[in-house]
Amino acid sequence: ERFAPGIASLLDQLDLVLPEAERRRFAQAVEAHRGRGIEAGLARRLAGLPYLSPACEVIAVADQVGTEVVTAGRTYFALDAQLHLGRLRGLLERASPRNHWERIALAGLYEDLVEEHRRLTVQAFASSLDQLQGVDVDALQATVLAWLQRAVAGFGRWQRLLAELDRQSGTDLAMLSVAVRSLALLDASQAEAA
């Protein structure tokens, strides 16, 4: 009851919410389903399945900051793109735990990543990014990047860490732990208070 209307609203308007690269992936998924003979509405719903989990986070943000789900979604996905969280999620998902304990640790890191993404989205709204409701979703990307560079303590360190991860031939649990911990150190409230 709590999530269904917001999920429906967000999934119906993904074209207005997702950054360009993600919109292309979504459109390609829709076309792939259509190519299999699936009717347009169902193809769109199937292509939207990967966004169900983030939709719940977007709804939680919208509730917390008191805004429309689509407005919260635009900022949430803009931050996702500018922080390159998809790369980190991919590394967590592709990690091969050697035992039960590492599997639990990876699940915890994934939960921490989701929580930090939500926290930063809420901070973005506290920093007046919610006033950009009418701004084109692609223009919002540049605005979010400028906000990260100007107002978020630790953003430069985060970018260096991602670059270092990209140079590695592989990742392990320790590296992923450091990456998620570094995400937790990003903080707009400290930078803006200074």
# chains A, B, ... in the order shown; residues from 1 in each chain; ligands from 1
call {"tool": "closest_atom_pairs", "arguments": {"of": "region 117-181 of chain A", "to": "region 91-102 of chain A", "cutoff": "12 Å", "atoms": "only C-alpha atoms", "output": "Markdown table"}}
result
| residue | atom | partner | partner_atom | distance |
| --- | --- | --- | --- | --- |
| A:Leu162 | CA | A:Leu91 | CA | 11.3 |
| A:Leu165 | CA | A:Leu91 | CA | 9.7 |
| A:Asp166 | CA | A:Leu91 | CA | 10.4 |
| A:Gln168 | CA | A:Leu91 | CA | 11.7 |
| A:Ser169 | CA | A:Leu91 | CA | 12.0 |
| A:Gly170 | CA | A:Leu91 | CA | 9.1 |
| A:Thr171 | CA | A:Leu91 | CA | 7.5 |
| A:Asp172 | CA | A:Ala95 | CA | 7.2 |
| A:Leu173 | CA | A:Glu102 | CA | 7.5 |
| A:Ala174 | CA | A:Glu102 | CA | 10.3 |
| A:Met175 | CA | A:Leu91 | CA | 10.1 |
| A:Leu176 | CA | A:Leu92 | CA | 7.1 |
| A:Ser177 | CA | A:Leu92 | CA | 9.7 |
| A:Ala179 | CA | A:Leu92 | CA | 10.4 |
| A:Val180 | CA | A:Leu92 | CA | 9.9 |
call {"tool": "closest_atom_pairs", "arguments": {"of": "region 130-188 of chain A", "to": "region 113-121 of chain A", "cutoff": "8 Å", "atoms": "only C-alpha atoms", "output": "CSV"}}
result
residue,atom,partner,partner_atom,distance
A:Val180,CA,A:Leu113,CA,6.1
A:Leu183,CA,A:Glu116,CA,6.8
A:Ala184,CA,A:Glu116,CA,5.9
A:Leu186,CA,A:Leu120,CA,7.8
A:Asp187,CA,A:Leu120,CA,7.4
A:Ala188,CA,A:Leu120,CA,7.6
call {"tool": "atom_distance", "arguments": {"atom1": "CA of Glu164 (chain A)", "atom2": "CA of Asp112 (chain A)"}}
result
20.8 Å
call {"tool": "closest_residue", "arguments": {"among": "A:Asp63, A:Glu20, A:Asp12, A:Glu111", "to": "Leu49 (chain A)", "atoms": "only C-alpha atoms"}}
result
A:Asp12
call {"tool": "select_by_dssp", "arguments": {"residues": "region 62-106 of chain A", "states": "alpha helix (DSSP H)", "output": "ChimeraX atom specification"}}
result
/A:62-65,69-83,85-94,100-106
call {"tool": "closest_atom_pairs", "arguments": {"of": "region 13-124 of chain A", "to": "region 138-160 of chain A", "cutoff": "9 Å", "atoms": "only C-alpha atoms", "output": "Markdown table"}}
result
| residue | atom | partner | partner_atom | distance |
| --- | --- | --- | --- | --- |
| A:Leu18 | CA | A:Asp138 | CA | 8.7 |
| A:Pro19 | CA | A:Asp138 | CA | 6.1 |
| A:Glu20 | CA | A:Asp138 | CA | 6.7 |
| A:Arg74 | CA | A:Leu140 | CA | 8.0 |
| A:Thr75 | CA | A:Leu140 | CA | 7.7 |
| A:Ala78 | CA | A:Gln141 | CA | 5.5 |
| A:Leu79 | CA | A:Val144 | CA | 6.7 |
| A:Ala81 | CA | A:Gln141 | CA | 7.9 |
| A:Gln82 | CA | A:Leu145 | CA | 6.1 |
| A:Leu83 | CA | A:Gln159 | CA | 8.0 |
| A:Ala124 | CA | A:Trp147 | CA | 8.1 |
call {"tool": "closest_residue", "arguments": {"among": "A:Val135, A:Leu161, A:Ala32, A:Ala126", "to": "Val17 (chain A)", "atoms": "only C-alpha atoms"}}
result
A:Val135
call {"tool": "closest_residue", "arguments": {"among": "A:Val178, A:Phe26, A:Leu185, A:Glu57", "to": "Leu88 (chain A)", "atoms": "only C-alpha atoms"}}
result
A:Val178
call {"tool": "atom_distance", "arguments": {"atom1": "CA of His33 (chain A)", "atom2": "CA of Pro50 (chain A)"}}
result
14.1 Å
call {"tool": "residues_around", "arguments": {"residues": "Phe3 (chain A)", "least_positions_apart": "6", "cutoff": "10 Å", "atoms": "only C-alpha atoms", "output": "PDB file with N, CA and C atoms, in the first residue's frame"}}
result
ATOM      1  N   ALA A  55      13.334   2.237  -6.776  1.00  0.00           N
ATOM      2  CA  ALA A  55      12.072   2.978  -6.637  1.00  0.00           C
ATOM      3  C   ALA A  55      11.650   3.053  -5.176  1.00  0.00           C
ATOM      4  N   CYS A  56      11.849   1.984  -4.433  1.00  0.00           N
ATOM      5  CA  CYS A  56      11.503   2.000  -3.008  1.00  0.00           C
ATOM      6  C   CYS A  56      12.353   3.004  -2.255  1.00  0.00           C
ATOM      7  N   GLU A  57      13.633   3.105  -2.604  1.00  0.00           N
ATOM      8  CA  GLU A  57      14.514   4.093  -1.983  1.00  0.00           C
ATOM      9  C   GLU A  57      14.080   5.506  -2.354  1.00  0.00           C
ATOM     10  N   VAL A  58      13.713   5.707  -3.609  1.00  0.00           N
ATOM     11  CA  VAL A  58      13.253   7.025  -4.062  1.00  0.00           C
ATOM     12  C   VAL A  58      12.007   7.437  -3.286  1.00  0.00           C
ATOM     13  N   ILE A  59      11.095   6.511  -3.084  1.00  0.00           N
ATOM     14  CA  ILE A  59       9.872   6.806  -2.339  1.00  0.00           C
ATOM     15  C   ILE A  59      10.212   7.182  -0.892  1.00  0.00           C
ATOM     16  N   ALA A  60      11.167   6.472  -0.296  1.00  0.00           N
ATOM     17  CA  ALA A  60      11.585   6.802   1.066  1.00  0.00           C
ATOM     18  C   ALA A  60      12.171   8.212   1.124  1.00  0.00           C
TER      19      ALA A  60
END
call {"tool": "atom_distance", "arguments": {"atom1": "CA of Ala8 (chain A)", "atom2": "CA of Ala107 (chain A)"}}
result
27.2 Å
call {"tool": "closest_residue", "arguments": {"among": "A:Leu106, A:Ala72, A:Leu16, A:Ala29", "to": "Pro54 (chain A)", "atoms": "only C-alpha atoms"}}
result
A:Ala72
call {"tool": "closest_residue", "arguments": {"among": "A:Val122, A:Tyr76, A:Asp136, A:Glu31", "to": "Gln64 (chain A)", "atoms": "only C-alpha atoms"}}
result
A:Val122
call {"tool": "closest_residue", "arguments": {"among": "A:Pro5, A:Gly86, A:Gln28, A:Ser127", "to": "Tyr110 (chain A)", "atoms": "only C-alpha atoms"}}
result
A:Gly86
